[in-house]
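Dumped target38.cif below, it's mmCIF, C-alpha atoms:
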```cif
data_work
loop_
_atom_site.group_PDB
_atom_site.id
_atom_site.type_symbol
_atom_site.label_atom_id
_atom_site.label_comp_id
_atom_site.auth_asym_id
_atom_site.auth_seq_id
_atom_site.Cartn_x
_atom_site.Cartn_y
_atom_site.Cartn_z
ATOM 1 C CA MET A 30 165.567 9.516 69.062
ATOM 2 C CA ASN A 31 165.074 13.265 68.692
ATOM 3 C CA ASP A 32 164.776 15.482 71.757
ATOM 4 C CA GLY A 33 161.713 17.697 72.281
ATOM 5 C CA LEU A 34 161.663 21.401 73.026
ATOM 6 C CA LEU A 35 161.132 21.804 76.770
ATOM 7 C CA ASN A 36 159.135 24.574 78.420
ATOM 8 C CA TYR A 37 162.170 26.528 79.599
ATOM 9 C CA GLU A 38 163.382 26.755 76.003
ATOM 10 C CA GLN A 39 160.232 28.593 74.885
ATOM 11 C CA LYS A 40 159.407 32.273 75.340
ATOM 12 C CA PHE A 41 156.481 34.382 74.196
ATOM 13 C CA PHE A 42 157.006 37.985 73.099
ATOM 14 C CA VAL A 43 154.585 40.833 72.409
ATOM 15 C CA ASP A 44 156.088 43.824 70.609
ATOM 16 C CA GLY A 45 159.530 43.023 71.999
ATOM 17 C CA LEU A 46 158.338 42.371 75.571
ATOM 18 C CA GLU A 47 158.690 38.888 77.054
ATOM 19 C CA ILE A 48 155.429 37.857 78.768
ATOM 20 C CA SER A 49 155.941 36.660 82.342
ATOM 21 C CA GLY A 50 153.860 33.959 83.999
ATOM 22 C CA LEU A 51 152.755 32.313 80.756
ATOM 23 C CA GLN A 52 151.272 28.858 81.394
ATOM 24 C CA SER A 53 150.110 27.845 77.934
ATOM 25 C CA VAL A 54 149.791 29.180 74.402
ATOM 26 C CA ALA A 55 147.958 27.653 71.471
ATOM 27 C CA GLY A 56 147.285 29.132 68.083
ATOM 28 C CA GLY A 57 147.635 29.089 64.365
ATOM 29 C CA TYR A 58 145.803 29.904 61.167
ATOM 30 C CA TYR A 59 142.562 28.371 60.017
ATOM 31 C CA ILE A 60 141.573 28.088 56.353
ATOM 32 C CA THR A 61 137.921 27.900 55.347
ATOM 33 C CA GLU A 62 137.357 26.514 51.885
ATOM 34 C CA GLN A 63 134.462 25.145 49.863
ATOM 35 C CA PRO A 64 134.569 22.267 47.376
ATOM 36 C CA ILE A 65 133.493 23.090 43.826
ATOM 37 C CA ASN A 66 131.336 20.479 42.135
ATOM 38 C CA ILE A 67 131.687 19.979 38.388
ATOM 39 C CA LEU A 68 128.629 19.325 36.283
ATOM 40 C CA GLY A 69 128.716 15.819 34.863
ATOM 41 C CA PHE A 70 131.173 14.327 37.365
ATOM 42 C CA GLY A 71 129.020 14.057 40.496
ATOM 43 C CA ASN A 72 131.818 15.022 42.841
ATOM 44 C CA VAL A 73 134.388 17.765 43.336
ATOM 45 C CA GLY A 74 136.075 17.177 40.029
ATOM 46 C CA ARG A 75 137.903 13.873 40.249
ATOM 47 C CA GLY A 76 138.849 12.996 36.735
ATOM 48 C CA PHE A 77 138.274 16.551 35.497
ATOM 49 C CA PHE A 78 141.967 16.957 34.722
ATOM 50 C CA SER A 79 143.901 14.709 32.396
ATOM 51 C CA PRO A 80 144.687 11.385 34.036
ATOM 52 C CA GLY A 81 148.314 10.708 34.780
ATOM 53 C CA THR A 82 149.235 14.374 35.111
ATOM 54 C CA GLU A 83 150.446 14.464 38.698
ATOM 55 C CA ASP A 84 151.142 18.205 38.601
ATOM 56 C CA ASN A 85 147.444 18.996 38.247
ATOM 57 C CA PRO A 86 145.089 18.811 41.234
ATOM 58 C CA ARG A 87 142.438 16.133 41.151
ATOM 59 C CA GLU A 88 139.982 18.103 43.283
ATOM 60 C CA ILE A 89 138.854 21.713 43.200
ATOM 61 C CA ALA A 90 138.238 23.934 46.222
ATOM 62 C CA ALA A 91 138.268 27.674 46.818
ATOM 63 C CA LEU A 92 138.627 29.941 49.831
ATOM 64 C CA THR A 93 135.310 31.148 51.247
ATOM 65 C CA SER A 94 136.715 33.681 53.733
ATOM 66 C CA PRO A 95 139.939 35.646 54.277
ATOM 67 C CA LEU A 96 142.781 33.951 56.117
ATOM 68 C CA GLU A 97 142.807 34.720 59.828
ATOM 69 C CA GLY A 98 144.709 33.480 62.864
ATOM 70 C CA ARG A 99 143.664 32.810 66.437
ATOM 71 C CA PHE A 100 145.805 32.481 69.575
ATOM 72 C CA ASN A 101 144.795 31.632 73.154
ATOM 73 C CA LEU A 102 147.075 32.507 76.065
ATOM 74 C CA ASN A 103 146.768 31.513 79.733
ATOM 75 C CA ASN A 104 148.831 33.342 82.347
ATOM 76 C CA ILE A 105 149.454 33.526 86.047
ATOM 77 C CA LEU A 106 149.243 37.232 86.848
ATOM 78 C CA ILE A 107 152.610 38.029 88.422
ATOM 79 C CA SER A 108 153.005 41.536 87.006
ATOM 80 C CA ARG A 109 150.933 44.317 85.498
ATOM 81 C CA ASP A 110 148.336 43.068 83.032
ATOM 82 C CA VAL A 111 149.885 44.274 79.763
ATOM 83 C CA PHE A 112 147.033 42.907 77.650
ATOM 84 C CA ILE A 113 144.676 45.505 79.133
ATOM 85 C CA ASP A 114 146.895 48.125 77.461
ATOM 86 C CA TYR A 115 146.006 46.611 74.065
ATOM 87 C CA SER A 116 142.248 46.423 74.609
ATOM 88 C CA GLY A 117 140.098 48.694 72.485
ATOM 89 C CA GLY A 118 141.538 47.814 69.079
ATOM 90 C CA ALA A 119 145.282 48.435 69.471
ATOM 91 C CA PRO A 120 147.234 46.163 67.056
ATOM 92 C CA PHE A 121 150.416 44.323 68.036
ATOM 93 C CA SER A 122 152.644 41.452 66.988
ATOM 94 C CA GLY A 123 153.468 38.330 68.997
ATOM 95 C CA SER A 124 155.512 35.167 68.676
ATOM 96 C CA LEU A 125 156.446 31.979 70.485
ATOM 97 C CA ASN A 126 160.237 31.744 70.246
ATOM 98 C CA PHE A 127 162.272 28.574 70.662
ATOM 99 C CA PRO A 128 165.819 27.517 69.723
ATOM 100 C CA GLU A 129 166.413 28.111 66.019
ATOM 101 C CA GLY A 130 162.843 29.122 65.276
ATOM 102 C CA SER A 131 159.685 31.066 66.046
ATOM 103 C CA PHE A 132 155.976 30.969 65.272
ATOM 104 C CA GLY A 133 153.983 34.163 65.504
ATOM 105 C CA PHE A 134 151.544 36.649 64.066
ATOM 106 C CA THR A 135 151.325 40.223 62.876
ATOM 107 C CA SER A 136 148.390 42.607 63.276
ATOM 108 C CA GLY A 137 146.926 40.897 66.351
ATOM 109 C CA TYR A 138 143.934 42.266 68.273
ATOM 110 C CA ILE A 139 142.485 41.361 71.683
ATOM 111 C CA SER A 140 138.973 39.990 71.232
ATOM 112 C CA GLN A 141 138.447 38.528 74.735
ATOM 113 C CA HIS A 142 140.285 38.936 78.014
ATOM 114 C CA GLN A 143 139.393 37.386 81.364
ATOM 115 C CA VAL A 144 140.881 37.644 84.863
ATOM 116 C CA GLU A 145 140.059 35.082 87.550
ATOM 117 C CA CYS A 146 140.720 35.361 91.302
ATOM 118 C CA ARG A 147 139.786 32.605 93.776
ATOM 119 C CA VAL A 148 140.630 31.642 97.334
ATOM 120 C CA GLY A 149 143.694 29.375 97.442
ATOM 121 C CA GLN A 150 144.833 30.217 93.915
ATOM 122 C CA LEU A 151 147.033 32.768 92.217
ATOM 123 C CA PRO A 152 145.208 35.203 89.905
ATOM 124 C CA THR A 153 145.070 33.979 86.318
ATOM 125 C CA THR A 154 144.293 35.564 82.965
ATOM 126 C CA SER A 155 142.981 34.098 79.728
ATOM 127 C CA THR A 156 143.329 35.998 76.455
ATOM 128 C CA THR A 157 142.045 35.398 72.930
ATOM 129 C CA ILE A 158 143.915 37.143 70.114
ATOM 130 C CA LEU A 159 142.717 37.376 66.517
ATOM 131 C CA SER A 160 145.259 38.082 63.794
ATOM 132 C CA PHE A 161 144.265 39.637 60.482
ATOM 133 C CA GLY A 162 147.799 39.862 59.131
ATOM 134 C CA ASP A 163 150.290 37.057 58.576
ATOM 135 C CA VAL A 164 150.630 33.956 60.773
ATOM 136 C CA GLY A 165 153.351 31.338 60.646
ATOM 137 C CA SER A 166 156.947 30.402 61.239
ATOM 138 C CA GLY A 167 159.707 32.977 61.000
ATOM 139 C CA ILE A 168 157.661 35.809 62.527
ATOM 140 C CA ASP A 169 159.686 37.061 65.506
ATOM 141 C CA ALA A 170 158.154 39.664 67.841
ATOM 142 C CA GLN A 171 161.218 39.753 70.081
ATOM 143 C CA PHE A 172 162.668 42.516 67.948
ATOM 144 C CA SER A 173 160.062 45.218 67.387
ATOM 145 C CA ASP A 174 160.001 48.881 66.471
ATOM 146 C CA LYS A 175 157.733 49.445 69.487
ATOM 147 C CA THR A 176 159.401 49.767 72.868
ATOM 148 C CA PHE A 177 157.874 49.695 76.328
ATOM 149 C CA THR A 178 158.756 52.882 78.186
ATOM 150 C CA ASP A 179 157.500 51.285 81.414
ATOM 151 C CA PRO A 180 158.013 47.515 81.160
ATOM 152 C CA PRO A 181 156.204 45.641 83.954
ATOM 153 C CA LYS A 182 158.281 44.255 86.794
ATOM 154 C CA ILE A 183 157.624 41.011 88.624
ATOM 155 C CA GLU A 184 155.140 41.697 91.444
ATOM 156 C CA ILE A 185 153.539 38.660 93.082
ATOM 157 C CA THR A 186 150.272 38.838 94.980
ATOM 158 C CA ASN A 187 148.175 36.374 97.005
ATOM 159 C CA GLN A 188 144.593 36.142 98.232
ATOM 160 C CA GLU A 189 145.370 38.366 101.248
ATOM 161 C CA LYS A 190 146.461 41.185 98.941
ATOM 162 C CA ILE A 191 143.423 41.081 96.644
ATOM 163 C CA LYS A 192 140.768 43.640 97.539
ATOM 164 C CA VAL A 193 137.249 43.246 96.170
ATOM 165 C CA ARG A 194 134.667 46.009 96.345
ATOM 166 C CA CYS A 195 131.037 45.126 95.722
ATOM 167 C CA PRO A 196 127.769 45.253 97.708
ATOM 168 C CA GLY A 197 127.695 42.608 100.432
ATOM 169 C CA THR A 198 131.418 42.379 101.124
ATOM 170 C CA GLY A 199 130.982 43.819 104.611
ATOM 171 C CA THR A 200 128.952 40.888 105.986
ATOM 172 C CA ASN A 201 129.753 38.065 103.541
ATOM 173 C CA ARG A 202 132.848 36.188 102.391
ATOM 174 C CA VAL A 203 134.069 36.693 98.817
ATOM 175 C CA VAL A 204 135.512 33.380 97.598
ATOM 176 C CA GLY A 205 135.791 34.201 93.909
ATOM 177 C CA ALA A 206 135.850 37.185 91.559
ATOM 178 C CA SER A 207 136.405 37.567 87.841
ATOM 179 C CA TYR A 208 136.586 40.282 85.200
ATOM 180 C CA TYR A 209 135.668 39.736 81.558
ATOM 181 C CA LEU A 210 136.188 42.134 78.651
ATOM 182 C CA SER A 211 134.792 41.432 75.176
ATOM 183 C CA THR A 212 135.802 43.443 72.097
ATOM 184 C CA PRO A 213 133.868 42.724 68.875
ATOM 185 C CA LEU A 214 136.079 43.247 65.819
ATOM 186 C CA ASP A 215 135.209 43.994 62.193
ATOM 187 C CA PRO A 216 138.087 43.452 59.712
ATOM 188 C CA ILE A 217 137.719 45.283 56.398
ATOM 189 C CA TYR A 218 139.194 43.765 53.237
ATOM 190 C CA THR A 219 139.610 45.034 49.699
ATOM 191 C CA VAL A 220 139.730 43.210 46.385
ATOM 192 C CA GLY A 221 143.319 42.268 45.589
ATOM 193 C CA SER A 222 144.507 42.083 49.197
ATOM 194 C CA SER A 223 144.731 39.009 51.429
ATOM 195 C CA GLU A 224 145.173 41.065 54.610
ATOM 196 C CA ALA A 225 142.719 43.383 56.323
ATOM 197 C CA VAL A 226 143.348 46.998 55.378
ATOM 198 C CA GLN A 227 141.522 48.168 58.486
ATOM 199 C CA VAL A 228 140.175 46.587 61.677
ATOM 200 C CA ASP A 229 137.370 48.412 63.465
ATOM 201 C CA VAL A 230 135.980 47.832 66.939
ATOM 202 C CA VAL A 231 132.240 47.228 66.849
ATOM 203 C CA TRP A 232 131.236 49.484 69.709
ATOM 204 C CA PRO A 233 130.246 49.147 72.457
ATOM 205 C CA MET A 234 132.750 46.910 74.226
ATOM 206 C CA THR A 235 131.238 44.832 77.026
ATOM 207 C CA ALA A 236 132.795 44.508 80.481
ATOM 208 C CA GLU A 237 131.458 42.148 83.121
ATOM 209 C CA MET A 238 132.502 41.499 86.709
ATOM 210 C CA ARG A 239 131.299 38.447 88.620
ATOM 211 C CA PHE A 240 131.479 37.686 92.337
ATOM 212 C CA GLU A 241 130.820 34.566 94.406
ATOM 213 C CA LEU A 242 129.909 35.274 98.047
ATOM 214 C CA GLU A 243 129.336 32.875 100.917
ATOM 215 C CA VAL A 244 126.318 34.361 102.668
ATOM 216 C CA ASP A 245 125.954 35.496 106.264
ATOM 217 C CA ARG A 246 123.560 38.412 105.737
ATOM 218 C CA PHE A 247 122.605 39.557 102.274
ATOM 219 C CA GLU A 248 119.852 41.745 100.844
ATOM 220 C CA TYR A 249 118.473 40.147 97.695
ATOM 221 C CA LYS A 250 117.007 42.209 94.864
ATOM 222 C CA ALA A 251 113.708 41.567 93.104
ATOM 223 C CA MET A 252 114.018 40.717 89.415
ATOM 224 C CA ARG A 253 111.207 42.997 88.296
ATOM 225 C CA ASP A 254 112.789 45.994 90.012
ATOM 226 C CA TYR A 255 115.028 46.178 86.942
ATOM 227 C CA PHE A 256 112.105 47.485 84.884
ATOM 228 C CA VAL A 257 111.527 50.339 87.346
ATOM 229 C CA LYS A 258 115.119 51.204 88.184
ATOM 230 C CA PRO A 259 118.195 49.052 87.381
ATOM 231 C CA THR A 260 120.524 48.349 90.308
ATOM 232 C CA LEU A 261 123.724 50.326 89.683
ATOM 233 C CA ASN A 262 126.919 49.849 91.670
ATOM 234 C CA THR A 263 130.602 50.619 91.217
ATOM 235 C CA VAL A 264 132.565 47.386 91.684
ATOM 236 C CA SER A 265 136.273 46.636 91.452
ATOM 237 C CA MET A 266 139.124 44.174 91.959
ATOM 238 C CA GLU A 267 142.491 45.497 93.148
ATOM 239 C CA LEU A 268 145.691 43.447 93.274
ATOM 240 C CA TYR A 269 148.565 44.503 95.543
ATOM 241 C CA ASP A 270 152.034 43.084 96.098
ATOM 242 C CA CYS A 271 153.514 42.145 99.495
ATOM 243 C CA GLU A 272 154.542 45.773 100.072
ATOM 244 C CA ASP A 273 151.002 47.055 99.384
ATOM 245 C CA ASN A 274 151.914 48.537 96.003
ATOM 246 C CA LEU A 275 149.044 48.441 93.522
ATOM 247 C CA ILE A 276 149.770 45.972 90.709
ATOM 248 C CA GLN A 277 146.545 46.141 88.736
ATOM 249 C CA GLN A 278 143.011 47.460 89.137
ATOM 250 C CA TYR A 279 139.873 46.298 87.342
ATOM 251 C CA LYS A 280 136.870 48.549 87.816
ATOM 252 C CA ILE A 281 133.333 48.951 86.540
ATOM 253 C CA ILE A 282 131.677 52.281 87.268
ATOM 254 C CA SER A 283 127.890 52.226 87.659
ATOM 255 C CA GLY A 284 127.687 48.597 86.597
ATOM 256 C CA ARG A 285 124.229 47.090 86.071
ATOM 257 C CA LEU A 286 123.315 44.104 88.226
ATOM 258 C CA VAL A 287 122.188 41.640 85.537
ATOM 259 C CA GLU A 288 122.390 38.355 87.444
ATOM 260 C CA GLU A 289 121.809 37.262 91.018
ATOM 261 C CA SER A 290 121.590 33.553 91.823
ATOM 262 C CA ILE A 291 121.897 31.446 94.966
ATOM 263 C CA LYS A 292 123.388 27.992 95.500
ATOM 264 C CA SER A 293 122.999 25.553 98.377
ATOM 265 C CA SER A 294 124.076 21.961 99.002
ATOM 266 C CA VAL A 295 124.320 19.499 101.919
ATOM 267 C CA ASP A 296 128.118 19.737 102.006
ATOM 268 C CA GLY A 297 128.436 23.513 101.625
ATOM 269 C CA VAL A 298 127.140 26.865 102.780
ATOM 270 C CA LEU A 299 124.640 29.166 101.138
ATOM 271 C CA SER A 300 126.318 31.247 98.432
ATOM 272 C CA VAL A 301 125.238 33.889 95.947
ATOM 273 C CA ASP A 302 126.620 34.759 92.519
ATOM 274 C CA LEU A 303 126.476 38.383 91.371
ATOM 275 C CA SER A 304 127.170 39.691 87.884
ATOM 276 C CA TYR A 305 127.627 43.359 86.973
ATOM 277 C CA LYS A 306 127.858 44.564 83.390
ATOM 278 C CA THR A 307 128.690 47.813 81.649
ATOM 279 C CA TYR A 308 129.346 49.014 78.103
ATOM 280 C CA TYR A 309 132.182 51.162 76.791
ATOM 281 C CA ASN A 310 131.521 53.408 73.807
ATOM 282 C CA LYS A 311 134.090 55.070 71.601
ATOM 283 C CA ARG A 312 133.151 58.504 72.902
#
```
Can you give me the file's structure in the form of structure tokens?
Amino acid sequence: MNDGLLNYEQKFFVDGLEISGLQSVAGGYYITEQPINILGFGNVGRGFFSPGTEDNPREIAALTSPLEGRFNLNNILISRDVFIDYSGGAPFSGSLNFPEGSFGFTSGYISQHQVECRVGQLPTTSTTILSFGDVGSGIDAQFSDKTFTDPPKIEITNQEKIKVRCPGTGTNRVVGASYYLSTPLDPIYTVGSSEAVQVDVVWPMTAEMRFELEVDRFEYKAMRDYFVKPTLNTVSMELYDCEDNLIQQYKIISGRLVEESIKSSVDGVLSVDLSYKTYYNKR
């Protein structure tokens, strides 16, 4: 019986930096192809080639889009959020390394990044990476030409050391907060090349911050007030370590209040969900 590769034998690297707190990684390449029907055969070409010639394919299909890769990473945030440094269209390489092998990608870009903080849980991040270069075995990002001049150190936080700033925090309990950053990407290809020659960000990028508050006293807004004057507030999430050193800050300046909903049940207290959104342009 063959042994499996255990979790402690696997490490994930981004441009030479080992990612700390990684809980799961999943990814690979995905090929989109289209079958080609042959007139007179009624299917995708079975029997089109000479029978008995095993070297020839019996079916015909062609690529309908360039080859691209996708990776999803889930982390416990126990150090500075390095993926924020790559937001905005900065390319990088990454790989999952294990004994006698690796599986990775080149020319990766952050398309979605989310941070979640809740009472009774450690902060977590979820990241979606799109690769427009090569994806597969043998790609090793542990050894990279790029070097981190300030590699993040291990700094653990807890719910006591997470500070949330949004309207209503003075008289209500914040039980959950999250930050979401979306970056639309537009890869550009040329005839004769299987890899993107350029990857542009489709501006604007969208940032959203959501809060869940258990209500004591709260001033609700009227929906139609948005047409007269949108509700603008600066909101943020700040994570500190046990010595009150700032680990990471997520902030939206003059965010638009785009959602306000209430929840109530027989086994809970009245709560309100708030969502603030803003847009980042290139200039």
Atom-to-atom span, atom CA of A:Val54 and atom CA of A:Asn126, Å: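 These atoms are spaced 11.5 Å apart.
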Around stretch 185-191 of chain A, with edges along x, y and z and 6 Å added on all six sides, what centre and edge lengths do you get, in Å to one decimal, as AutoDock Vina command-line options?
```
--center_x 148.5 --center_y 38.7 --center_z 97.2 --size_x 22.1 --size_y 17.0 --size_z 20.2
```
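Counting from atom CA of A:Ile113, the distance to atom CA of A:Thr212 is 11.5 Å.
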Here is a test: counting all atoms listed in the file, which residue of A:Gly56, A:Pro128, A:Gly117, A:Gly137 is nearest to A:Gly165? A:Gly56
Check which residues satisfy the PyMOL selection byres ((chain A and resi 167-182) around 8) in the file shown, then give them as a list in words.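 Checking the PyMOL selection byres ((chain A and resi 167-182) around 8) against this file, the residues are Phe42, Val43, Asp44, Gly45, Leu46, Glu47, Ser108, Arg109, Val111, Ser122, Gly123, Ser124, Leu125, Asn126, Gly130, Ser131, Phe132, Gly133, Phe134, Thr135, Val164, Gly165, Ser166, Ile183 and Glu184 of chain A.
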Output C-alpha atoms of each residue in that selection to a file, as an mmCIF file, in the coordinates of the input.
```
data_model
loop_
_atom_site.group_PDB
_atom_site.id
_atom_site.type_symbol
_atom_site.label_atom_id
_atom_site.label_comp_id
_atom_site.auth_asym_id
_atom_site.auth_seq_id
_atom_site.Cartn_x
_atom_site.Cartn_y
_atom_site.Cartn_z
ATOM 1 C CA PHE A 42 157.006 37.985 73.099
ATOM 2 C CA VAL A 43 154.585 40.833 72.409
ATOM 3 C CA ASP A 44 156.088 43.824 70.609
ATOM 4 C CA GLY A 45 159.530 43.023 71.999
ATOM 5 C CA LEU A 46 158.338 42.371 75.571
ATOM 6 C CA GLU A 47 158.690 38.888 77.054
ATOM 7 C CA SER A 108 153.005 41.536 87.006
ATOM 8 C CA ARG A 109 150.933 44.317 85.498
ATOM 9 C CA VAL A 111 149.885 44.274 79.763
ATOM 10 C CA SER A 122 152.644 41.452 66.988
ATOM 11 C CA GLY A 123 153.468 38.330 68.997
ATOM 12 C CA SER A 124 155.512 35.167 68.676
ATOM 13 C CA LEU A 125 156.446 31.979 70.485
ATOM 14 C CA ASN A 126 160.237 31.744 70.246
ATOM 15 C CA GLY A 130 162.843 29.122 65.276
ATOM 16 C CA SER A 131 159.685 31.066 66.046
ATOM 17 C CA PHE A 132 155.976 30.969 65.272
ATOM 18 C CA GLY A 133 153.983 34.163 65.504
ATOM 19 C CA PHE A 134 151.544 36.649 64.066
ATOM 20 C CA THR A 135 151.325 40.223 62.876
ATOM 21 C CA VAL A 164 150.630 33.956 60.773
ATOM 22 C CA GLY A 165 153.351 31.338 60.646
ATOM 23 C CA SER A 166 156.947 30.402 61.239
ATOM 24 C CA ILE A 183 157.624 41.011 88.624
ATOM 25 C CA GLU A 184 155.140 41.697 91.444
#
```
Given the PyMOL selection byres ((chain A and resi 269-281) around 6) and the file above, list the residues it selects as a PDB file with C-alpha atoms, in the coordinates of the input.
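Ended up saving to part33.pdb:
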```
ATOM      1  CA  ARG A 109     150.933  44.317  85.498  1.00  0.00           C
ATOM      2  CA  GLU A 184     155.140  41.697  91.444  1.00  0.00           C
ATOM      3  CA  ILE A 185     153.539  38.660  93.082  1.00  0.00           C
ATOM      4  CA  THR A 186     150.272  38.838  94.980  1.00  0.00           C
ATOM      5  CA  LYS A 190     146.461  41.185  98.941  1.00  0.00           C
ATOM      6  CA  THR A 263     130.602  50.619  91.217  1.00  0.00           C
ATOM      7  CA  VAL A 264     132.565  47.386  91.684  1.00  0.00           C
ATOM      8  CA  SER A 265     136.273  46.636  91.452  1.00  0.00           C
ATOM      9  CA  MET A 266     139.124  44.174  91.959  1.00  0.00           C
ATOM     10  CA  GLU A 267     142.491  45.497  93.148  1.00  0.00           C
ATOM     11  CA  LEU A 268     145.691  43.447  93.274  1.00  0.00           C
ATOM     12  CA  ILE A 282     131.677  52.281  87.268  1.00  0.00           C
ATOM     13  CA  GLY A 284     127.687  48.597  86.597  1.00  0.00           C
TER      14      GLY A 284
END
```
